[in-house]
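Have a look at structure.cif; it's mmCIF, C-alpha atoms and all ligand atoms:
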```
data_structure
#
loop_
_atom_site.group_PDB
_atom_site.id
_atom_site.type_symbol
_atom_site.label_atom_id
_atom_site.label_comp_id
_atom_site.auth_asym_id
_atom_site.auth_seq_id
_atom_site.Cartn_x
_atom_site.Cartn_y
_atom_site.Cartn_z
ATOM 1 C CA MET A 752 112.103 121.930 95.598
ATOM 2 C CA GLY A 753 114.859 122.558 98.111
ATOM 3 C CA ALA A 754 116.091 119.009 97.862
ATOM 4 C CA LEU A 755 117.358 119.301 94.298
ATOM 5 C CA ILE A 756 121.135 119.333 94.544
ATOM 6 C CA GLY A 757 122.376 122.019 92.226
ATOM 7 C CA ASN A 758 125.900 122.940 93.211
ATOM 8 C CA ALA A 759 129.193 121.190 93.727
ATOM 9 C CA GLU A 760 129.390 121.989 97.431
ATOM 10 C CA ALA A 761 126.037 120.369 98.157
ATOM 11 C CA GLN A 762 127.008 117.344 96.117
ATOM 12 C CA THR A 763 129.855 116.505 98.478
ATOM 13 C CA LYS A 764 127.307 115.829 101.238
ATOM 14 C CA ALA A 765 125.774 112.346 101.028
ATOM 15 C CA LEU A 766 122.079 112.336 100.175
ATOM 16 C CA THR A 767 119.768 110.828 102.774
ATOM 17 C CA ILE A 768 116.936 108.656 101.519
ATOM 18 C CA ALA A 769 114.324 107.512 104.038
ATOM 19 C CA LEU A 770 112.531 104.209 103.462
ATOM 20 C CA VAL A 771 109.252 103.850 105.377
ATOM 21 C CA PRO A 772 107.935 100.282 105.044
ATOM 22 C CA GLY A 773 104.359 99.064 105.557
ATOM 23 C CA LEU A 774 105.591 97.444 108.757
ATOM 24 C CA THR A 775 109.081 96.660 110.003
ATOM 25 C CA THR A 776 108.864 92.950 110.871
ATOM 26 C CA ASP A 777 107.659 91.643 107.501
ATOM 27 C CA ALA A 778 110.193 89.637 105.437
ATOM 28 C CA PHE A 779 108.863 91.391 102.328
ATOM 29 C CA TYR A 780 110.006 94.815 103.588
ATOM 30 C CA ILE A 781 113.174 93.406 105.164
ATOM 31 C CA THR A 782 114.104 92.128 101.694
ATOM 32 C CA MET A 783 113.113 95.441 100.122
ATOM 33 C CA ARG A 784 115.460 97.180 102.560
ATOM 34 C CA LYS A 785 118.356 94.967 101.412
ATOM 35 C CA GLY A 786 117.828 96.017 97.796
ATOM 36 C CA ALA A 787 117.524 99.659 98.842
ATOM 37 C CA GLU A 788 120.757 99.408 100.834
ATOM 38 C CA ALA A 789 122.588 97.900 97.874
ATOM 39 C CA ALA A 790 121.515 100.798 95.652
ATOM 40 C CA ALA A 791 122.319 103.388 98.334
ATOM 41 C CA LYS A 792 125.813 101.934 98.614
ATOM 42 C CA ALA A 793 126.222 102.041 94.840
ATOM 43 C CA VAL A 794 125.372 105.749 94.636
ATOM 44 C CA GLY A 795 126.956 106.793 97.952
ATOM 45 C CA ALA A 796 123.659 107.770 99.616
ATOM 46 C CA ASP A 797 122.618 107.166 103.227
ATOM 47 C CA LEU A 798 119.518 105.034 103.692
ATOM 48 C CA THR A 799 117.348 105.107 106.795
ATOM 49 C CA PHE A 800 114.650 102.503 107.550
ATOM 50 C CA GLN A 801 111.905 103.404 109.971
ATOM 51 C CA GLY A 802 108.387 102.035 110.144
ATOM 52 C CA ALA A 803 105.549 100.951 112.385
ATOM 53 C CA PRO A 804 105.093 97.598 114.142
ATOM 54 C CA ASP A 805 101.833 96.887 112.299
ATOM 55 C CA PHE A 806 100.309 97.565 108.875
ATOM 56 C CA ASN A 807 98.096 100.477 109.797
ATOM 57 C CA PRO A 808 97.837 104.160 108.753
ATOM 58 C CA VAL A 809 97.186 105.127 112.389
ATOM 59 C CA THR A 810 100.622 103.874 113.434
ATOM 60 C CA GLN A 811 102.387 104.707 110.153
ATOM 61 C CA SER A 812 101.430 108.419 110.220
ATOM 62 C CA PRO A 813 103.392 109.382 113.384
ATOM 63 C CA VAL A 814 106.420 107.486 112.072
ATOM 64 C CA LEU A 815 106.134 109.471 108.853
ATOM 65 C CA ASP A 816 105.829 112.732 110.807
ATOM 66 C CA ALA A 817 109.061 111.897 112.649
ATOM 67 C CA VAL A 818 110.791 111.132 109.332
ATOM 68 C CA ILE A 819 109.554 114.415 107.786
ATOM 69 C CA SER A 820 110.846 116.392 110.797
ATOM 70 C CA ARG A 821 114.384 115.183 110.013
ATOM 71 C CA HIS A 822 113.969 116.451 106.438
ATOM 72 C CA PRO A 823 115.597 113.648 104.412
ATOM 73 C CA ASP A 824 116.378 114.418 100.764
ATOM 74 C CA ALA A 825 113.687 111.971 99.610
ATOM 75 C CA ILE A 826 111.107 109.613 101.094
ATOM 76 C CA LEU A 827 110.333 106.141 99.764
ATOM 77 C CA ILE A 828 107.192 104.834 101.400
ATOM 78 C CA ALA A 829 104.759 101.916 101.227
ATOM 79 C CA PRO A 830 101.552 103.733 102.215
ATOM 80 C CA THR A 831 99.304 101.489 104.319
ATOM 81 C CA ASP A 832 96.057 102.921 102.949
ATOM 82 C CA LYS A 833 95.187 104.419 99.530
ATOM 83 C CA ALA A 834 93.084 107.227 101.022
ATOM 84 C CA GLN A 835 94.185 107.664 104.624
ATOM 85 C CA MET A 836 97.861 108.233 103.819
ATOM 86 C CA VAL A 837 97.216 111.057 101.309
ATOM 87 C CA GLN A 838 97.128 113.937 103.840
ATOM 88 C CA PRO A 839 100.054 112.620 105.956
ATOM 89 C CA LEU A 840 102.154 112.363 102.781
ATOM 90 C CA LYS A 841 101.046 115.761 101.536
ATOM 91 C CA LYS A 842 102.933 117.178 104.538
ATOM 92 C CA ALA A 843 106.157 115.723 103.124
ATOM 93 C CA ALA A 844 105.482 117.174 99.689
ATOM 94 C CA ASP A 845 104.600 120.557 101.241
ATOM 95 C CA ALA A 846 107.917 120.476 103.119
ATOM 96 C CA GLY A 847 109.654 120.100 99.739
ATOM 97 C CA ILE A 848 110.592 116.450 100.229
ATOM 98 C CA PRO A 849 110.160 114.363 97.072
ATOM 99 C CA VAL A 850 107.925 111.321 97.677
ATOM 100 C CA ILE A 851 108.136 108.017 95.804
ATOM 101 C CA THR A 852 105.774 105.186 96.719
ATOM 102 C CA VAL A 853 107.047 101.631 96.723
ATOM 103 C CA ASP A 854 104.897 98.469 96.831
ATOM 104 C CA THR A 855 101.626 100.333 97.542
ATOM 105 C CA PHE A 856 100.226 103.578 96.122
ATOM 106 C CA ILE A 857 97.955 106.414 97.204
ATOM 107 C CA GLY A 858 94.940 107.583 95.187
ATOM 108 C CA THR A 859 94.857 105.704 91.907
ATOM 109 C CA GLY A 860 98.612 105.157 91.607
ATOM 110 C CA ASP A 861 98.669 107.343 88.478
ATOM 111 C CA TYR A 862 100.908 110.212 89.477
ATOM 112 C CA GLY A 863 101.672 113.505 87.799
ATOM 113 C CA THR A 864 98.348 113.616 85.963
ATOM 114 C CA GLY A 865 97.083 116.801 87.595
ATOM 115 C CA LYS A 866 94.001 114.854 88.607
ATOM 116 C CA GLY A 867 92.946 114.432 92.224
ATOM 117 C CA GLU A 868 94.815 115.320 95.395
ATOM 118 C CA ALA A 869 97.032 112.234 95.455
ATOM 119 C CA ASP A 870 99.011 112.692 92.262
ATOM 120 C CA PHE A 871 102.047 114.414 93.839
ATOM 121 C CA PRO A 872 104.369 111.400 94.372
ATOM 122 C CA LEU A 873 106.986 111.261 91.653
ATOM 123 C CA SER A 874 106.876 107.567 90.950
ATOM 124 C CA TYR A 875 105.279 104.247 91.919
ATOM 125 C CA ILE A 876 107.549 101.186 91.944
ATOM 126 C CA ALA A 877 105.880 97.848 92.543
ATOM 127 C CA SER A 878 104.688 94.477 91.308
ATOM 128 C CA ASP A 879 101.737 94.432 88.901
ATOM 129 C CA ASN A 880 99.304 93.300 91.575
ATOM 130 C CA LEU A 881 96.306 92.982 89.268
ATOM 131 C CA LEU A 882 98.302 90.562 87.135
ATOM 132 C CA GLY A 883 99.558 88.795 90.271
ATOM 133 C CA GLY A 884 95.968 88.123 91.340
ATOM 134 C CA LYS A 885 95.188 86.731 87.887
ATOM 135 C CA ILE A 886 98.211 84.431 88.011
ATOM 136 C CA ALA A 887 97.078 83.222 91.450
ATOM 137 C CA ALA A 888 93.587 82.478 90.103
ATOM 138 C CA ARG A 889 94.927 80.515 87.127
ATOM 139 C CA THR A 890 97.275 78.550 89.370
ATOM 140 C CA LEU A 891 94.503 77.730 91.847
ATOM 141 C CA ALA A 892 92.065 76.806 89.057
ATOM 142 C CA LYS A 893 94.607 74.332 87.713
ATOM 143 C CA ALA A 894 95.300 72.876 91.171
ATOM 144 C CA ILE A 895 91.598 72.147 91.810
ATOM 145 C CA GLY A 896 90.807 70.765 88.344
ATOM 146 C CA ASP A 897 88.859 73.909 87.419
ATOM 147 C CA LYS A 898 85.932 73.245 89.747
ATOM 148 C CA GLY A 899 84.817 73.782 93.328
ATOM 149 C CA LYS A 900 84.569 76.438 96.017
ATOM 150 C CA VAL A 901 87.390 78.834 96.810
ATOM 151 C CA TYR A 902 87.813 82.097 98.700
ATOM 152 C CA VAL A 903 90.320 84.913 99.120
ATOM 153 C CA SER A 904 92.011 85.422 102.493
ATOM 154 C CA ASN A 905 92.854 89.122 102.481
ATOM 155 C CA VAL A 906 94.215 91.828 104.812
ATOM 156 C CA LYS A 907 91.643 94.643 104.846
ATOM 157 C CA PRO A 908 90.055 96.877 102.222
ATOM 158 C CA GLY A 909 91.886 100.079 101.275
ATOM 159 C CA ILE A 910 95.363 98.656 100.652
ATOM 160 C CA SER A 911 96.235 99.136 96.976
ATOM 161 C CA THR A 912 98.243 95.935 96.554
ATOM 162 C CA THR A 913 95.915 93.444 98.192
ATOM 163 C CA ASP A 914 92.796 95.143 96.761
ATOM 164 C CA GLN A 915 94.246 94.737 93.261
ATOM 165 C CA ARG A 916 95.241 91.109 93.857
ATOM 166 C CA GLU A 917 91.684 90.274 94.892
ATOM 167 C CA GLU A 918 90.309 92.206 91.916
ATOM 168 C CA GLY A 919 92.609 90.381 89.487
ATOM 169 C CA PHE A 920 91.776 87.027 91.092
ATOM 170 C CA LYS A 921 88.004 87.560 90.772
ATOM 171 C CA GLU A 922 88.333 88.936 87.245
ATOM 172 C CA GLU A 923 90.222 85.841 86.103
ATOM 173 C CA MET A 924 87.806 83.488 87.888
ATOM 174 C CA LYS A 925 85.011 84.837 85.663
ATOM 175 C CA SER A 926 86.481 82.672 82.908
ATOM 176 C CA HIS A 927 86.341 79.572 85.130
ATOM 177 C CA PRO A 928 82.587 78.865 85.393
ATOM 178 C CA GLY A 929 83.079 75.668 87.397
ATOM 179 C CA ILE A 930 84.588 77.647 90.274
ATOM 180 C CA THR A 931 82.540 79.454 92.924
ATOM 181 C CA VAL A 932 84.295 82.286 94.753
ATOM 182 C CA LEU A 933 82.955 82.586 98.313
ATOM 183 C CA THR A 934 82.985 85.780 100.407
ATOM 184 C CA THR A 935 86.438 87.224 101.135
ATOM 185 C CA GLN A 936 87.718 86.825 104.696
ATOM 186 C CA PHE A 937 89.653 89.825 106.076
ATOM 187 C CA ASN A 938 92.325 88.992 108.660
ATOM 188 C CA ASP A 939 93.937 92.375 109.503
ATOM 189 C CA ASP A 940 97.362 90.994 108.548
ATOM 190 C CA ASP A 941 97.067 88.485 111.414
ATOM 191 C CA ALA A 942 98.074 84.943 110.404
ATOM 192 C CA ASN A 943 96.285 83.434 113.433
ATOM 193 C CA LYS A 944 93.053 85.088 112.382
ATOM 194 C CA ALA A 945 93.545 83.807 108.812
ATOM 195 C CA ALA A 946 94.032 80.277 110.203
ATOM 196 C CA SER A 947 90.850 80.324 112.284
ATOM 197 C CA GLN A 948 88.910 81.850 109.392
ATOM 198 C CA LEU A 949 90.059 78.973 107.183
ATOM 199 C CA GLN A 950 88.690 76.508 109.712
ATOM 200 C CA SER A 951 85.343 78.329 109.955
ATOM 201 C CA VAL A 952 84.955 78.514 106.179
ATOM 202 C CA TYR A 953 85.855 74.824 105.935
ATOM 203 C CA ALA A 954 83.350 73.947 108.690
ATOM 204 C CA ARG A 955 80.610 75.718 106.733
ATOM 205 C CA ASN A 956 81.828 74.308 103.391
ATOM 206 C CA PRO A 957 83.268 70.804 103.803
ATOM 207 C CA ASP A 958 83.641 70.729 100.010
ATOM 208 C CA LEU A 959 86.018 73.734 100.070
ATOM 209 C CA ALA A 960 88.527 73.186 97.252
ATOM 210 C CA GLY A 961 91.018 75.987 97.732
ATOM 211 C CA VAL A 962 92.079 79.335 99.118
ATOM 212 C CA PHE A 963 94.135 82.249 97.818
ATOM 213 C CA GLY A 964 96.187 83.920 100.585
ATOM 214 C CA ALA A 965 96.639 87.414 99.133
ATOM 215 C CA ASN A 966 99.762 88.331 101.102
ATOM 216 C CA LEU A 967 102.421 86.768 103.304
ATOM 217 C CA PHE A 968 100.390 86.545 106.549
ATOM 218 C CA SER A 969 97.165 85.581 104.767
ATOM 219 C CA ALA A 970 98.954 82.729 102.973
ATOM 220 C CA LEU A 971 100.876 81.581 106.029
ATOM 221 C CA GLY A 972 97.739 81.611 108.191
ATOM 222 C CA SER A 973 95.583 79.894 105.568
ATOM 223 C CA ALA A 974 98.179 77.127 105.179
ATOM 224 C CA ASN A 975 98.261 76.661 108.967
ATOM 225 C CA GLY A 976 94.453 76.586 109.047
ATOM 226 C CA VAL A 977 94.409 73.871 106.393
ATOM 227 C CA LYS A 978 96.907 71.837 108.417
ATOM 228 C CA GLN A 979 94.921 72.335 111.653
ATOM 229 C CA ALA A 980 91.771 71.170 109.851
ATOM 230 C CA GLY A 981 93.648 68.019 108.810
ATOM 231 C CA GLN A 982 93.217 68.983 105.151
ATOM 232 C CA GLY A 983 96.871 69.426 104.153
ATOM 233 C CA GLY A 984 97.215 68.787 100.418
ATOM 234 C CA LYS A 985 93.420 68.406 100.044
ATOM 235 C CA VAL A 986 92.289 72.022 100.351
ATOM 236 C CA LYS A 987 94.684 73.691 97.907
ATOM 237 C CA VAL A 988 96.538 76.822 98.981
ATOM 238 C CA ILE A 989 97.983 79.396 96.592
ATOM 239 C CA GLY A 990 99.859 82.181 98.334
ATOM 240 C CA PHE A 991 101.350 85.551 97.576
ATOM 241 C CA ASP A 992 104.890 86.249 98.878
ATOM 242 C CA ALA A 993 107.753 83.937 99.720
ATOM 243 C CA PRO A 994 109.016 83.926 103.327
ATOM 244 C CA THR A 995 111.529 81.172 104.175
ATOM 245 C CA SER A 996 108.756 79.032 105.703
ATOM 246 C CA VAL A 997 107.091 78.507 102.298
ATOM 247 C CA VAL A 998 109.840 76.121 101.247
ATOM 248 C CA ALA A 999 108.746 73.512 103.810
ATOM 249 C CA ASP A 1000 105.050 74.101 103.078
ATOM 250 C CA ILE A 1001 105.602 73.717 99.325
ATOM 251 C CA LYS A 1002 107.705 70.589 99.790
ATOM 252 C CA SER A 1003 105.122 69.005 102.116
ATOM 253 C CA GLY A 1004 102.337 69.840 99.642
ATOM 254 C CA THR A 1005 100.445 72.132 102.061
ATOM 255 C CA ILE A 1006 100.996 75.054 99.708
ATOM 256 C CA ASP A 1007 100.682 74.320 95.998
ATOM 257 C CA ALA A 1008 102.405 77.457 94.766
ATOM 258 C CA VAL A 1009 103.264 81.019 95.729
ATOM 259 C CA ILE A 1010 103.559 84.130 93.625
ATOM 260 C CA ALA A 1011 106.833 85.564 94.918
ATOM 261 C CA GLN A 1012 107.361 89.272 94.433
ATOM 262 C CA HIS A 1013 110.790 90.821 93.904
ATOM 263 C CA PRO A 1014 110.970 93.210 96.876
ATOM 264 C CA ALA A 1015 114.738 93.742 96.643
ATOM 265 C CA GLU A 1016 114.199 94.968 93.082
ATOM 266 C CA ILE A 1017 111.522 97.397 94.325
ATOM 267 C CA GLY A 1018 113.892 98.784 96.979
ATOM 268 C CA TYR A 1019 116.816 98.995 94.570
ATOM 269 C CA PHE A 1020 114.928 100.879 91.890
ATOM 270 C CA GLY A 1021 113.240 103.064 94.501
ATOM 271 C CA VAL A 1022 116.611 104.369 95.643
ATOM 272 C CA ILE A 1023 117.903 104.701 92.082
ATOM 273 C CA CYS A 1024 114.840 106.760 91.142
ATOM 274 C CA ALA A 1025 115.241 109.004 94.181
ATOM 275 C CA TYR A 1026 118.923 109.495 93.372
ATOM 276 C CA ALA A 1027 118.200 110.180 89.720
ATOM 277 C CA HIS A 1028 115.613 112.802 90.622
ATOM 278 C CA LEU A 1029 117.855 114.436 93.224
ATOM 279 C CA THR A 1030 120.681 114.727 90.726
ATOM 280 C CA GLY A 1031 118.547 116.334 88.058
ATOM 281 C CA GLN A 1032 117.389 113.393 85.950
ATOM 282 C CA SER A 1033 113.785 112.792 85.000
ATOM 283 C CA ILE A 1034 112.266 109.542 86.221
ATOM 284 C CA PRO A 1035 109.371 107.330 85.057
ATOM 285 C CA THR A 1036 106.088 107.753 86.973
ATOM 286 C CA LYS A 1037 105.737 103.979 87.177
ATOM 287 C CA ILE A 1038 108.103 101.025 87.269
ATOM 288 C CA GLY A 1039 106.776 97.461 87.306
ATOM 289 C CA THR A 1040 108.859 94.721 88.897
ATOM 290 C CA GLY A 1041 108.564 90.994 88.349
ATOM 291 C CA PHE A 1042 107.192 87.802 89.876
ATOM 292 C CA THR A 1043 108.499 84.290 90.296
ATOM 293 C CA VAL A 1044 105.928 81.517 90.686
ATOM 294 C CA MET A 1045 107.354 78.890 93.067
ATOM 295 C CA ASP A 1046 106.113 75.319 93.332
ATOM 296 C CA LYS A 1047 107.398 71.855 94.169
ATOM 297 C CA ALA A 1048 108.857 71.394 90.687
ATOM 298 C CA ASN A 1049 111.125 74.463 90.737
ATOM 299 C CA ILE A 1050 111.706 75.440 94.394
ATOM 300 C CA ASP A 1051 115.183 73.848 94.466
ATOM 301 C CA ASP A 1052 116.330 75.697 91.334
ATOM 302 C CA PRO A 1053 118.799 78.385 92.536
ATOM 303 C CA ASN A 1054 117.357 80.843 89.992
ATOM 304 C CA VAL A 1055 113.987 80.455 91.703
ATOM 305 C CA ALA A 1056 115.172 80.011 95.295
ATOM 306 C CA LYS A 1057 117.109 83.290 95.130
ATOM 307 C CA PHE A 1058 113.734 85.089 95.289
ATOM 308 C CA ILE A 1059 112.856 83.599 98.699
ATOM 309 C CA TYR A 1060 112.638 86.570 101.060
ATOM 310 C CA LYS A 1061 115.324 87.359 103.642
ATOM 311 C CA ASP A 1062 114.456 87.457 107.313
HETATM 312 O O1 LIG B 1101 102.464 91.383 100.118
HETATM 313 C C1 LIG B 1101 103.344 92.276 100.743
HETATM 314 C C2 LIG B 1101 103.071 93.665 100.230
HETATM 315 O O2 LIG B 1101 103.176 93.663 98.826
HETATM 316 C C3 LIG B 1101 101.681 94.132 100.651
HETATM 317 O O3 LIG B 1101 101.486 95.454 100.258
HETATM 318 C C4 LIG B 1101 101.481 93.977 102.141
HETATM 319 O O4 LIG B 1101 101.803 92.664 102.543
HETATM 320 C C5 LIG B 1101 103.127 92.235 102.249
HETATM 321 O O5 LIG B 1101 104.030 93.082 102.882
HETATM 322 C C6 LIG B 1101 103.377 90.825 102.771
HETATM 323 O O6 LIG B 1101 103.106 90.720 104.132
#
```

Encoded form (structure tokens):
Amino acid sequence: MGALIGNAEAQTKALTIALVPGLTTDAFYITMRKGAEAAAKAVGADLTFQGAPDFNPVTQSPVLDAVISRHPDAILIAPTDKAQMVQPLKKAADAGIPVITVDTFIGTGDYGTGKGEADFPLSYIASDNLLGGKIAARTLAKAIGDKGKVYVSNVKPGISTTDQREEGFKEEMKSHPGITVLTTQFNDDDANKAASQLQSVYARNPDLAGVFGANLFSALGSANGVKQAGQGGKVKVIGFDAPTSVVADIKSGTIDAVIAQHPAEIGYFGVICAYAHLTGQSIPTKIGTGFTVMDKANIDDPNVAKFIYKD
């Protein structure tokens, strides 16, 4: 592990930590970057931020290759696919660069077990997405009076976070027998697609009661679809993530609630873990960060509003 800093001379050179987001233009990762920068400043490390323009392993892999070629001291990455990012990341590990995954994981997300080919990252720092999906289901069940048809608007299969949110949502809905969960609609992280899917599902099911938008673009698009269908406030929307636009949608009643993640916390602890490892400390293989559920009743509370993402 060439990156372990073991002598005084090496310690005078600032450590470089590379953060590779799922995509660069997403307020979730922009907020994560802010937290990572704050931690880098605190420990005197240099942080780089380089990612792809869309959430896709095909575009993320060459960005990762370019990052590996500069040989940073550590890589923090949100892998865009559980399986497809294993080999690209193995190249970093083989080059002696410690890898920590933030937000999403590869393999099972259980690292350091000696099991499987994806257990080499040192740590996984993220929200508890299974729990987040369960919270979304409970919130939606309450909003629709525990009965009716709902569906999940999701990105695409293979992403650890959104897969787990859907799993948690469906698991929780098993204890709500009055609710029927329709087929999931996959939108490829495209809010326009999520909006037109909402309208198609509504056209087929005029008694649609609600939708769970499992990430920022799914929620944004679903809320727009509800508005375009003239169903604002009638078809209930529960979203994941909290871009600035949710404030207006929550206040107007288009979105009932969102499960906001704490991306700055993920970025902050990602950098701290990398720094700890690089300076000879052991680090936990998993760190769970929190949620804040935002709705009309609490959105103006500064302790809640502070978790609205930065853009
Ligand atoms: O929901 C976040 C992130 O947690 C997920 O992995 C991908 O989508 C977001 O970045 C929001 O767009």

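Checking A:Tyr1026, A:Ala844, A:Leu971, A:Val814 one by one against Glu868 of chain A, counting all atoms listed in the file, you find the shortest gap at A:Ala844.
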
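For the choices A:Thr855, A:Gln950, A:Asn943, A:Ser1033, the atom-to-atom distance to ligand LIG 1101 (chain B) is smallest for A:Thr855 when using all atoms listed in the file.
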
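For ligand LIG 1101 (chain B), the neighbouring protein, DNA and RNA residues, which are those within 7 Å when all atoms listed in the file are counted, are Gly773, Asp777, Phe779, Tyr780, Asp854, Thr855, Ile910, Thr912, Thr913, Asn966, Leu967, Phe968, Phe991 and Asp992 of chain A.
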
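Atom to atom, atom CA of Pro772 of chain A and atom CA of Asp941 of chain A stand 17.3 Å apart.
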
Segment 871-885 of chain A environment, 9 Å, only C-alpha atoms, sequence neighbours closer than 6 positions dropped, as a PyMOL selection string: chain A and resi 840-841+844+849-857+860-865+911-924+963+965+991+1010+1012-1014+1016-1018+1020-1021+1024-1025+1028+1034-1042

Protein, DNA and RNA residues within 7 Å of (108.3, 70.8, 92.7), only C-alpha atoms, as a ChimeraX atom specification: /A:1046-1050

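Of note, atom CA of Thr859 of chain A and atom CA of Tyr1019 of chain A are spaced 23.1 Å apart.
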